[in-house]
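Structure data follow from query-v6.txt (compact mmCIF, C-alpha atoms):
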# COMPACT_ATOMS: atom_id res chain seq x y z
CA MET A 1 45.18 88.63 69.15
CA THR A 2 46.04 91.97 67.48
CA CYS A 3 49.60 93.15 66.71
CA ALA A 4 49.19 95.96 69.22
CA HIS A 5 48.51 93.50 72.01
CA PHE A 6 51.45 91.32 70.99
CA CYS A 7 53.82 94.32 70.94
CA GLU A 8 52.46 95.42 74.29
CA GLY A 9 53.22 91.99 75.80
CA ALA A 10 56.77 92.00 74.34
CA THR A 11 57.44 95.45 75.77
CA GLN A 12 56.23 94.32 79.20
CA MET A 13 58.58 91.31 79.07
CA ARG A 14 61.62 93.46 78.18
CA ALA A 15 60.87 95.88 81.04
CA LEU A 16 60.37 92.96 83.42
CA PHE A 17 63.68 91.37 82.39
CA ALA A 18 65.48 94.69 82.99
CA VAL A 19 63.93 94.97 86.46
CA VAL A 20 65.03 91.41 87.34
CA LEU A 21 68.61 92.04 86.21
CA ALA A 22 68.78 95.34 88.10
CA ALA A 23 67.54 93.68 91.30
CA ALA A 24 70.11 90.89 90.97
CA PHE A 25 73.07 93.19 90.44
CA SER A 26 72.02 95.67 93.12
CA ALA A 27 71.67 92.87 95.69
CA SER A 28 75.10 91.51 94.74
CA ALA A 29 76.67 94.96 95.03
CA ALA A 30 75.04 95.52 98.41
CA GLU A 31 76.41 92.22 99.71
CA THR A 32 79.91 93.05 98.45
CA LYS A 33 79.76 96.51 100.04
CA LYS A 34 78.64 94.95 103.33
CA GLN A 35 81.64 92.62 103.32
CA LYS A 36 84.03 95.53 102.79
CA ALA A 37 82.44 97.84 105.35
CA ASP A 38 84.32 96.24 108.26
CA ASP A 39 87.71 96.95 106.67
CA ILE A 40 89.23 100.10 108.14
CA PRO A 41 92.15 101.41 106.09
CA LEU A 42 95.41 101.66 107.94
CA PRO A 43 97.34 104.88 108.07
CA THR A 44 100.25 104.94 105.67
CA THR A 45 103.46 104.09 107.48
CA GLU A 46 106.43 105.41 105.57
CA PRO A 47 110.06 105.54 106.65
CA THR A 48 111.32 108.96 107.61
CA PRO A 49 113.42 110.27 104.72
CA VAL A 50 117.07 110.87 105.49
CA LYS A 51 118.43 114.18 104.29
CA PRO A 52 121.50 113.77 102.07
CA ALA A 53 124.76 115.23 103.26
CA ALA A 54 125.32 118.90 102.42
CA ALA A 55 127.21 119.50 99.20
CA PRO A 56 130.80 120.77 99.58
CA PRO A 57 131.28 124.51 99.00
CA ALA A 58 132.01 125.62 95.46
CA PRO A 59 135.72 126.36 94.77
CA SER A 60 136.74 129.98 94.56
CA GLN A 61 137.61 131.56 91.25
CA THR A 62 141.31 131.80 92.25
CA GLN A 63 141.67 128.02 92.36
CA THR A 64 143.60 126.62 89.40
CA ILE A 65 143.76 122.95 90.33
CA PRO A 66 140.38 121.28 90.51
CA PRO A 67 139.80 118.99 93.50
CA PRO A 68 139.98 115.26 92.88
CA ALA A 69 136.71 113.61 91.93
CA VAL A 70 134.97 111.92 94.83
CA ALA A 71 132.72 108.94 94.32
CA PRO A 72 129.10 109.79 95.17
CA THR A 73 128.04 108.70 98.62
CA PRO A 74 125.10 106.29 98.49
CA THR A 75 121.91 107.54 100.09
CA ALA A 76 121.73 106.44 103.70
CA LYS A 77 118.88 104.12 104.60
CA PRO A 78 117.11 104.37 107.94
CA ALA A 79 118.26 101.66 110.29
CA PRO A 80 115.62 99.02 110.93
CA GLN A 81 114.02 99.29 114.31
CA ARG A 82 115.17 96.70 116.79
CA ALA A 83 113.00 94.92 119.30
CA ASP A 84 114.82 96.59 122.22
CA ASP A 85 114.42 100.16 120.88
CA VAL A 86 112.30 102.39 123.10
CA LEU A 87 109.28 103.82 121.28
CA PRO A 88 108.90 107.50 122.22
CA LEU A 89 105.75 109.20 123.42
CA PRO A 90 103.64 110.78 120.68
CA THR A 91 103.58 114.54 120.56
CA SER A 92 100.21 116.11 121.29
CA GLY A 93 99.43 118.64 118.59
CA PRO A 94 102.02 120.22 116.29
CA GLU A 95 105.70 119.67 116.90
CA MET A 96 106.93 122.14 119.54
CA PRO A 97 110.40 123.72 119.63
CA ALA A 98 112.81 121.92 121.93
CA LEU A 99 113.23 123.13 125.50
CA ASP A 100 116.43 125.13 126.06
CA LEU A 101 118.20 122.77 128.43
CA SER A 102 120.76 125.42 129.40
CA LEU A 103 118.03 127.13 131.42
CA LEU A 104 117.89 124.06 133.69
CA LYS A 105 121.59 123.22 133.83
CA ASP A 106 122.93 123.19 137.42
CA THR A 107 119.80 124.78 138.88
CA SER A 108 117.51 123.90 141.77
CA LEU A 109 114.01 122.81 140.80
CA CYS A 110 111.09 123.00 143.22
CA ILE A 111 108.23 120.53 142.66
CA PHE A 112 104.97 122.30 143.51
CA PRO A 113 101.95 120.30 144.80
CA PHE A 114 99.72 119.06 141.98
CA VAL A 115 96.98 121.62 141.20
CA LYS A 116 93.34 120.71 140.55
CA GLU A 117 91.77 123.44 138.38
CA SER A 118 88.24 122.01 138.59
CA SER A 119 86.15 120.32 141.26
CA SER A 120 85.38 117.20 139.20
CA GLY A 121 87.59 114.12 139.27
CA SER A 122 89.81 112.80 142.03
CA SER A 123 91.11 115.39 144.49
CA ASP A 124 91.99 113.58 147.72
CA LYS A 125 95.32 114.40 149.33
CA GLN A 126 96.85 110.97 148.77
CA TYR A 127 96.11 111.21 145.05
CA LEU A 128 97.63 114.70 144.71
CA ASP A 129 100.70 113.78 146.80
CA ALA A 130 101.35 110.68 144.67
CA ILE A 131 101.41 112.71 141.44
CA GLN A 132 103.67 115.39 142.96
CA LYS A 133 106.08 112.71 144.17
CA THR A 134 106.10 111.16 140.69
CA PHE A 135 107.52 114.42 139.29
CA PHE A 136 109.98 114.62 142.21
CA ASP A 137 111.31 111.06 141.77
CA VAL A 138 112.16 111.77 138.13
CA ALA A 139 113.71 115.17 138.95
CA LYS A 140 116.06 113.53 141.49
CA ASP A 141 117.52 111.39 138.68
CA SER A 142 118.00 114.27 136.23
CA PRO A 143 121.63 114.87 135.15
CA LEU A 144 120.75 118.51 134.47
CA LEU A 145 119.69 119.66 137.92
CA LYS A 146 121.79 120.58 140.90
CA ASP A 147 119.04 119.38 143.21
CA ALA A 148 115.27 118.91 143.44
CA VAL A 149 113.08 120.17 146.28
CA LEU A 150 109.69 118.67 147.19
CA LEU A 151 107.47 121.48 148.47
CA GLY A 152 105.25 120.59 151.43
CA ASP A 153 101.61 121.14 152.32
CA SER A 154 102.32 124.54 153.88
CA THR A 155 103.08 125.97 150.44
CA ALA A 156 100.90 128.93 149.48
CA ARG A 157 98.02 128.12 147.14
CA CYS A 158 98.50 129.54 143.64
CA ASP A 159 96.42 129.64 140.50
CA ALA A 160 97.78 127.16 137.95
CA ARG A 161 99.09 129.98 135.71
CA ASP A 162 100.03 132.64 138.27
CA ALA A 163 103.71 133.20 137.49
CA ALA A 164 104.18 135.83 140.21
CA CYS A 165 102.80 133.52 142.91
CA PHE A 166 104.96 130.57 141.90
CA SER A 167 108.04 132.79 141.63
CA SER A 168 107.41 134.05 145.17
CA VAL A 169 107.20 130.47 146.44
CA GLY A 170 110.37 129.56 144.57
CA ARG A 171 112.33 132.48 146.10
CA MET A 172 111.26 131.45 149.60
CA ALA A 173 112.44 127.87 148.92
CA ARG A 174 115.70 129.14 147.28
CA CYS A 175 114.92 127.51 143.90
CA GLN A 176 115.68 128.97 140.50
CA ASN A 177 112.73 127.18 138.83
CA VAL A 178 109.37 125.72 139.89
CA LEU A 179 107.68 122.77 138.16
CA VAL A 180 103.86 122.79 138.33
CA GLY A 181 101.51 120.03 137.20
CA SER A 182 97.74 120.55 136.97
CA SER A 183 94.57 119.00 135.63
CA ALA A 184 91.19 120.42 134.56
CA ALA A 185 87.99 118.73 133.42
CA LYS A 186 87.15 119.41 129.78
CA GLY A 187 84.22 117.81 127.98
CA ASN A 188 84.39 114.05 128.49
CA GLY A 189 88.06 114.07 129.49
CA TYR A 190 90.74 115.85 131.47
CA VAL A 191 93.42 118.27 130.29
CA LEU A 192 96.71 117.52 132.04
CA SER A 193 99.34 120.26 131.99
CA VAL A 194 102.91 120.67 133.17
CA ARG A 195 105.02 123.84 133.01
CA ILE A 196 108.20 125.24 134.54
CA PHE A 197 108.29 128.78 135.95
CA GLU A 198 111.50 130.84 136.01
CA VAL A 199 111.66 132.45 139.44
CA GLY A 200 114.00 135.30 138.49
CA LYS A 201 111.97 136.38 135.42
CA GLN A 202 108.51 135.52 136.80
CA ARG A 203 107.47 133.77 133.61
CA VAL A 204 106.84 130.34 132.14
CA MET A 205 110.11 128.94 130.78
CA PRO A 206 109.92 129.04 126.97
CA ASN A 207 108.76 125.74 125.41
CA SER A 208 108.36 124.07 128.83
CA GLN A 209 104.56 123.84 128.82
CA VAL A 210 102.94 120.60 127.65
CA GLU A 211 99.25 119.68 127.65
CA GLN A 212 97.50 116.41 126.89
CA VAL A 213 93.89 115.24 127.08
CA LEU A 214 93.18 111.92 128.80
CA GLU A 215 89.87 110.09 128.95
CA THR A 216 90.07 109.64 132.72
CA ASP A 217 92.01 111.07 135.66
CA ARG A 218 92.78 107.68 137.21
CA GLN A 219 95.85 107.91 139.40
CA SER A 220 97.75 105.26 137.40
CA ASP A 221 97.12 107.12 134.12
CA VAL A 222 98.08 110.53 135.52
CA GLN A 223 101.24 109.18 137.18
CA ALA A 224 102.32 107.49 133.94
CA TRP A 225 101.69 110.74 132.06
CA ALA A 226 103.66 112.73 134.69
CA GLU A 227 106.63 110.36 134.43
CA GLY A 228 106.70 110.58 130.63
CA GLN A 229 106.62 114.37 130.56
CA ALA A 230 109.18 114.77 133.36
CA CYS A 231 111.57 112.24 131.80
CA ARG A 232 111.44 114.05 128.48
CA ALA A 233 111.86 117.57 129.90
CA LEU A 234 114.56 116.71 132.46
CA GLN A 235 116.59 114.42 130.17
CA VAL A 236 116.13 111.27 132.25
CA LYS A 237 116.36 107.99 130.38
CA CYS A 238 113.09 106.21 131.20
CA ALA A 239 111.48 103.12 129.76
CA GLY A 240 108.56 100.86 130.51
CA ARG A 241 107.22 97.74 128.82
CA ILE A 242 103.94 97.03 127.03
CA SER A 243 102.88 93.37 127.03
CA VAL A 244 100.77 92.25 124.05
CA ASP A 245 99.49 88.67 123.68
CA ALA A 246 99.02 88.44 119.87
CA ASP A 247 98.82 84.77 118.90
CA ARG A 248 99.17 85.15 115.11
CA ARG A 249 102.38 85.92 113.23
CA ASP A 250 100.49 88.00 110.64
CA MET A 251 99.28 90.45 113.31
CA ASN A 252 101.05 93.80 113.18
CA ILE A 253 101.18 95.71 116.46
CA TYR A 254 100.85 99.50 116.39
CA ILE A 255 101.81 101.69 119.35
CA ASP A 256 100.42 105.23 118.96
CA ASN A 257 99.93 104.46 115.23
CA ARG A 258 103.58 103.48 114.81
CA LEU A 259 104.48 99.95 113.74
CA ALA A 260 106.25 98.18 116.61
CA PRO A 261 108.95 95.57 115.96
CA ARG A 262 108.01 91.96 116.71
CA SER A 263 110.15 89.18 118.16
CA PHE A 264 107.27 86.68 117.70
CA LYS A 265 107.40 85.67 121.33
CA ASN A 266 104.12 85.48 123.17
CA PRO A 267 103.44 87.79 124.83
CA GLU A 268 105.38 90.44 122.95
CA VAL A 269 107.21 92.85 125.29
CA ILE A 270 107.70 96.27 123.66
CA ALA A 271 109.83 99.02 125.23
CA VAL A 272 108.19 102.46 125.33
CA GLU A 273 108.58 105.74 127.16
CA PRO A 274 106.36 106.08 130.25
CA GLY A 275 102.93 107.52 129.56
CA VAL A 276 99.48 106.59 128.27
CA HIS A 277 99.81 104.81 124.94
CA GLY A 278 97.29 103.66 122.33
CA VAL A 279 97.68 100.04 121.18
CA ARG A 280 95.98 98.27 118.28
CA VAL A 281 96.65 95.33 115.98
CA ALA A 282 96.11 94.90 112.25
CA VAL A 283 96.02 92.02 109.79
CA GLY A 284 96.26 93.21 106.21
CA GLN A 285 93.72 95.99 105.78
CA ARG A 286 91.71 94.98 108.87
CA THR A 287 92.43 96.74 112.13
CA SER A 288 91.18 96.59 115.69
CA LEU A 289 89.93 99.42 117.85
CA GLU A 290 92.59 101.16 119.92
CA LYS A 291 93.15 100.30 123.59
CA LYS A 292 94.63 102.91 125.94
CA ILE A 293 97.19 101.56 128.40
CA ALA A 294 99.26 103.28 131.12
CA VAL A 295 102.97 102.39 131.32
CA ARG A 296 105.10 103.38 134.32
CA ARG A 297 108.85 103.95 134.43
CA GLY A 298 110.65 100.62 134.89
CA GLY A 299 107.36 98.71 134.95
CA PHE A 300 105.14 96.53 132.80
CA SER A 301 101.67 97.32 131.57
CA GLU A 302 98.86 94.89 132.14
CA THR A 303 98.71 92.37 129.32
CA ILE A 304 96.66 93.22 126.23
CA TYR A 305 95.15 90.22 124.43
CA ALA A 306 94.48 90.37 120.68
CA ARG A 307 92.59 87.67 118.78
CA GLN A 308 91.09 87.08 115.33
CA THR A 309 87.53 85.78 114.91
CA GLU A 310 86.05 83.63 112.16
CA LYS A 311 84.44 86.68 110.56
CA GLY A 312 87.70 88.66 110.53
CA GLY A 313 87.13 90.77 113.64
CA LEU A 314 90.13 91.73 115.78
CA PRO A 315 88.86 92.18 119.35
CA MET A 316 91.24 93.25 122.13
CA TRP A 317 90.95 92.95 125.91
CA LEU A 318 92.94 94.13 128.91
CA SER A 319 93.75 91.41 131.43
CA SER A 320 91.73 93.32 134.04
CA GLU A 321 88.65 93.05 131.80
CA LEU A 322 88.93 89.25 131.59
CA ARG A 323 88.80 88.74 135.38
CA GLY A 324 91.51 86.09 135.47
CA THR A 325 90.43 84.21 132.33
CA LYS A 326 92.16 84.04 128.96
CA PRO A 327 90.49 84.43 125.55
CA VAL A 328 90.32 81.49 123.16
CA SER A 329 92.90 81.24 120.42
CA SER A 330 92.51 83.02 117.09
CA VAL A 331 90.91 81.20 114.16
CA ASP A 332 91.33 81.55 110.41
CA VAL A 333 88.96 83.87 108.59
CA LYS A 334 86.40 82.16 106.39
CA GLU A 335 86.49 84.46 103.41
CA GLY A 336 83.15 84.71 101.59
CA GLY A 337 83.49 84.08 97.83
CA TRP A 338 81.36 85.44 95.03
CA THR A 339 79.05 82.41 94.91
CA LYS A 340 76.93 83.19 97.97
CA PRO A 341 76.06 86.82 97.17
CA VAL A 342 75.48 86.03 93.49
CA GLY A 343 73.44 82.93 94.34
CA TYR A 344 71.26 84.84 96.80
CA SER A 345 70.78 87.61 94.25
CA VAL A 346 69.75 85.21 91.46
CA ALA A 347 67.36 83.36 93.79
CA ALA A 348 65.83 86.67 94.86
CA ALA A 349 65.38 87.64 91.21
CA GLY A 350 63.61 84.31 90.63
CA LEU A 351 61.21 84.99 93.49
CA ILE A 352 60.49 88.47 92.10
CA ALA A 353 59.77 87.02 88.64
CA ALA A 354 57.48 84.37 90.12
CA GLY A 355 55.65 87.03 92.14
CA ILE A 356 55.03 89.14 89.04
CA GLY A 357 53.86 85.98 87.25
CA VAL A 358 51.29 85.34 89.98
CA TYR A 359 50.02 88.89 89.57
CA GLN A 360 49.73 88.46 85.78
CA GLY A 361 47.83 85.19 86.26
CA ILE A 362 45.35 86.78 88.68
CA HIS A 363 44.89 89.70 86.30
CA ALA A 364 44.19 87.33 83.38
CA ARG A 365 41.61 85.39 85.40
CA SER A 366 39.91 88.65 86.38
CA LEU A 367 39.63 89.79 82.73
CA ILE A 368 38.19 86.42 81.63
CA ASN A 369 35.58 86.49 84.39
CA GLU A 370 34.64 90.04 83.45
CA SER A 371 34.16 89.06 79.77
CA ASN A 372 32.06 86.01 80.67
CA ASP A 373 29.78 88.07 82.90
CA ARG A 374 29.23 90.59 80.12
CA PHE A 375 28.60 87.72 77.62
CA VAL A 376 25.73 86.39 79.75
CA ALA A 377 24.34 89.86 80.48
CA GLN A 378 24.29 90.74 76.73
CA GLY A 379 22.30 87.69 75.64
CA ASN A 380 25.17 85.30 74.96
CA ARG A 381 27.09 87.61 72.64
CA TYR A 382 30.41 89.49 72.76
CA THR A 383 30.96 93.10 71.79
CA GLN A 384 34.15 94.43 70.17
CA ALA A 385 35.29 95.71 73.60
CA ASP A 386 34.77 92.23 75.07
CA LEU A 387 36.97 90.68 72.38
CA ALA A 388 39.74 93.20 73.21
CA THR A 389 39.42 92.29 76.89
CA ILE A 390 39.75 88.58 76.05
CA ASP A 391 42.93 89.32 74.02
CA SER A 392 44.38 91.19 76.99
CA ALA A 393 43.52 88.26 79.28
CA ASN A 394 45.28 85.81 76.95
CA SER A 395 48.37 88.06 76.83
CA ALA A 396 48.48 88.32 80.64
CA ALA A 397 48.10 84.54 80.97
CA ARG A 398 50.94 83.94 78.51
CA ASN A 399 53.19 86.39 80.38
CA ALA A 400 52.34 84.64 83.65
CA ASN A 401 53.36 81.24 82.23
CA ILE A 402 56.65 82.64 80.94
CA LEU A 403 57.39 84.31 84.28
CA TYR A 404 56.64 81.07 86.13
CA VAL A 405 59.26 79.29 84.02
CA VAL A 406 61.84 82.11 84.30
CA GLY A 407 61.29 82.47 88.06
CA GLY A 408 61.64 78.74 88.63
CA VAL A 409 64.87 78.57 86.60
CA LEU A 410 66.39 81.59 88.40
CA LEU A 411 65.39 80.28 91.83
CA ALA A 412 66.88 76.86 91.11
CA ALA A 413 70.09 78.38 89.69
CA GLY A 414 70.45 80.67 92.70
CA LEU A 415 70.02 77.86 95.21
CA VAL A 416 72.49 75.63 93.38
CA THR A 417 75.08 78.45 93.17
CA THR A 418 74.67 79.26 96.88
CA PHE A 419 74.77 75.78 98.40
CA ALA A 420 76.56 73.58 95.88
CA PHE A 421 79.71 75.66 95.30
When written as structure tokens, how does the structure in this file appear?
Amino acid sequence: MTCAHFCEGATQMRALFAVVLAAAFSASAAETKKQKADDIPLPTTEPTPVKPAAAPPAPSQTQTIPPPAVAPTPTAKPAPQRADDVLPLPTSGPEMPALDLSLLKDTSLCIFPFVKESSSGSSDKQYLDAIQKTFFDVAKDSPLLKDAVLLGDSTARCDARDAACFSSVGRMARCQNVLVGSSAAKGNGYVLSVRIFEVGKQRVMPNSQVEQVLETDRQSDVQAWAEGQACRALQVKCAGRISVDADRRDMNIYIDNRLAPRSFKNPEVIAVEPGVHGVRVAVGQRTSLEKKIAVRRGGFSETIYARQTEKGGLPMWLSSELRGTKPVSSVDVKEGGWTKPVGYSVAAAGLIAAGIGVYQGIHARSLINESNDRFVAQGNRYTQADLATIDSANSAARNANILYVVGGVLLAAGLVTTFAF
């Protein structure tokens, strides 16, 4: 064998070893990435900073006696949330300026029939009357209003944003303000709106209009939304309860992406403002998908069940989805260590090395057969080219034997690492 052929074989072995190592590490990295893909990072939940008290005014220049030194007041810490605190509704969009409650103080408020701005969705009379009465029931309990008036079916039909029309209806009913709720289909959901019209000024009362998009226009969802918006605008103290069956103490419950306090009773009963709320659970950096649930004033939501699976999933179900059954209890997560992905990767590298060895062996046999055929055809003699071919065949055969050994060792090591540890 010439030096050139020997160097060529060594170069092939170094390149082969680099390929094997690259395949092993890439497979291990892919397995690790796959394990982490199911982890959804949680939003950062930070306490709301408390503004320090305003500094006292600086003394005037005419003062001659300095004021006595006052010990610095320690920074106030936000009070921990209690289990009986009522979680407020989330604001849709940017924070809006507060409604000027003086515009409603000691006034009469007419509740206009619920307006459907599009033909899609529910529109039967019983459905529309139920939503209108939901607004009316809250308005009757408002400490701001002098009285509330439920407008009947004979009320003139108005466009949802026609201030002049609603003001005309309000004057006929002797009301200073008119509350109007409406819904319109938009994309895959429905835009629910509520606004208050000032009869005397024929305009929408400043900061009284609220809109929210819901996935459906089910009567229970729309009534819960109407109660929440009316309670907030008319200063009525309203609360409902969300029931969550979370059977692990390490499950954190989030209502509208806010961490809810836990009493560690099962089911957990969490006080919230009426409305449609999003509920999810989280364990460490793993989180479930969000479930939407309607909560009525003074009522309980249907129970939400949260469980943990062996692979770390956090599925959730509404009781209505389970059809009277109850999900099995949560189980501990079987965390995958480094041995399985590394073992599989090493075993795969062994198979690759063995496969290349088989190719080298076939190539060597082909070169030998070619040289033997030429030997017979040339009268039982080899040419210089034939001798070079024989050297190449020997080099390929040697590489094949080495790869067989390396592949067998890697395959055995990978299997032992995977199944023995």
Just want the 7 Å neighbourhood of A:Ala306, counted on only C-alpha atoms, with same-chain residues fewer than 6 positions away dropped. Output as a ChimeraX atom specification. /A:245-246,314-317
Exercise: A:Lys311 partners within 8 Å, all atoms listed in the file, chain neighbours under 2 positions left out, as a list in words: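 Final neighbour list, sorted by chain and number: Thr309, Gly313, Val333, Lys334 and Glu335 of chain A.
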Here is a test: counting all atoms listed in the file, which residue of A:Gly312, A:Pro274, A:Gly152, A:Pro267 is nearest to A:Thr287?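 Using all atoms listed in the file, A:Thr287 sits closest to A:Gly312.
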Neighbour list for A:Ser319 as a ChimeraX atom specification, cut-off 12 Å, only C-alpha atoms, skip fewer than 3 positions in-chain: /A:243-245,291,293,301-306,316,322-327
With distances taken over only C-alpha atoms, which residue among A:Gly275, A:Gly414, A:Pro261, A:Gly187 lies nearest A:Ala226?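 So, comparing all the options, the nearest one is A:Gly275.
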One decimal, in Å: what's the spacing between atom CA of A:Lys125 and atom CA of A:Ser168?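 These two atoms are separated by 23.4 Å.
Each of A:Leu103, A:Val213, A:Val138, A:Ala400 was checked against A:Phe197 using all atoms listed in the file; the smallest atom-to-atom distance is that of A:Leu103.
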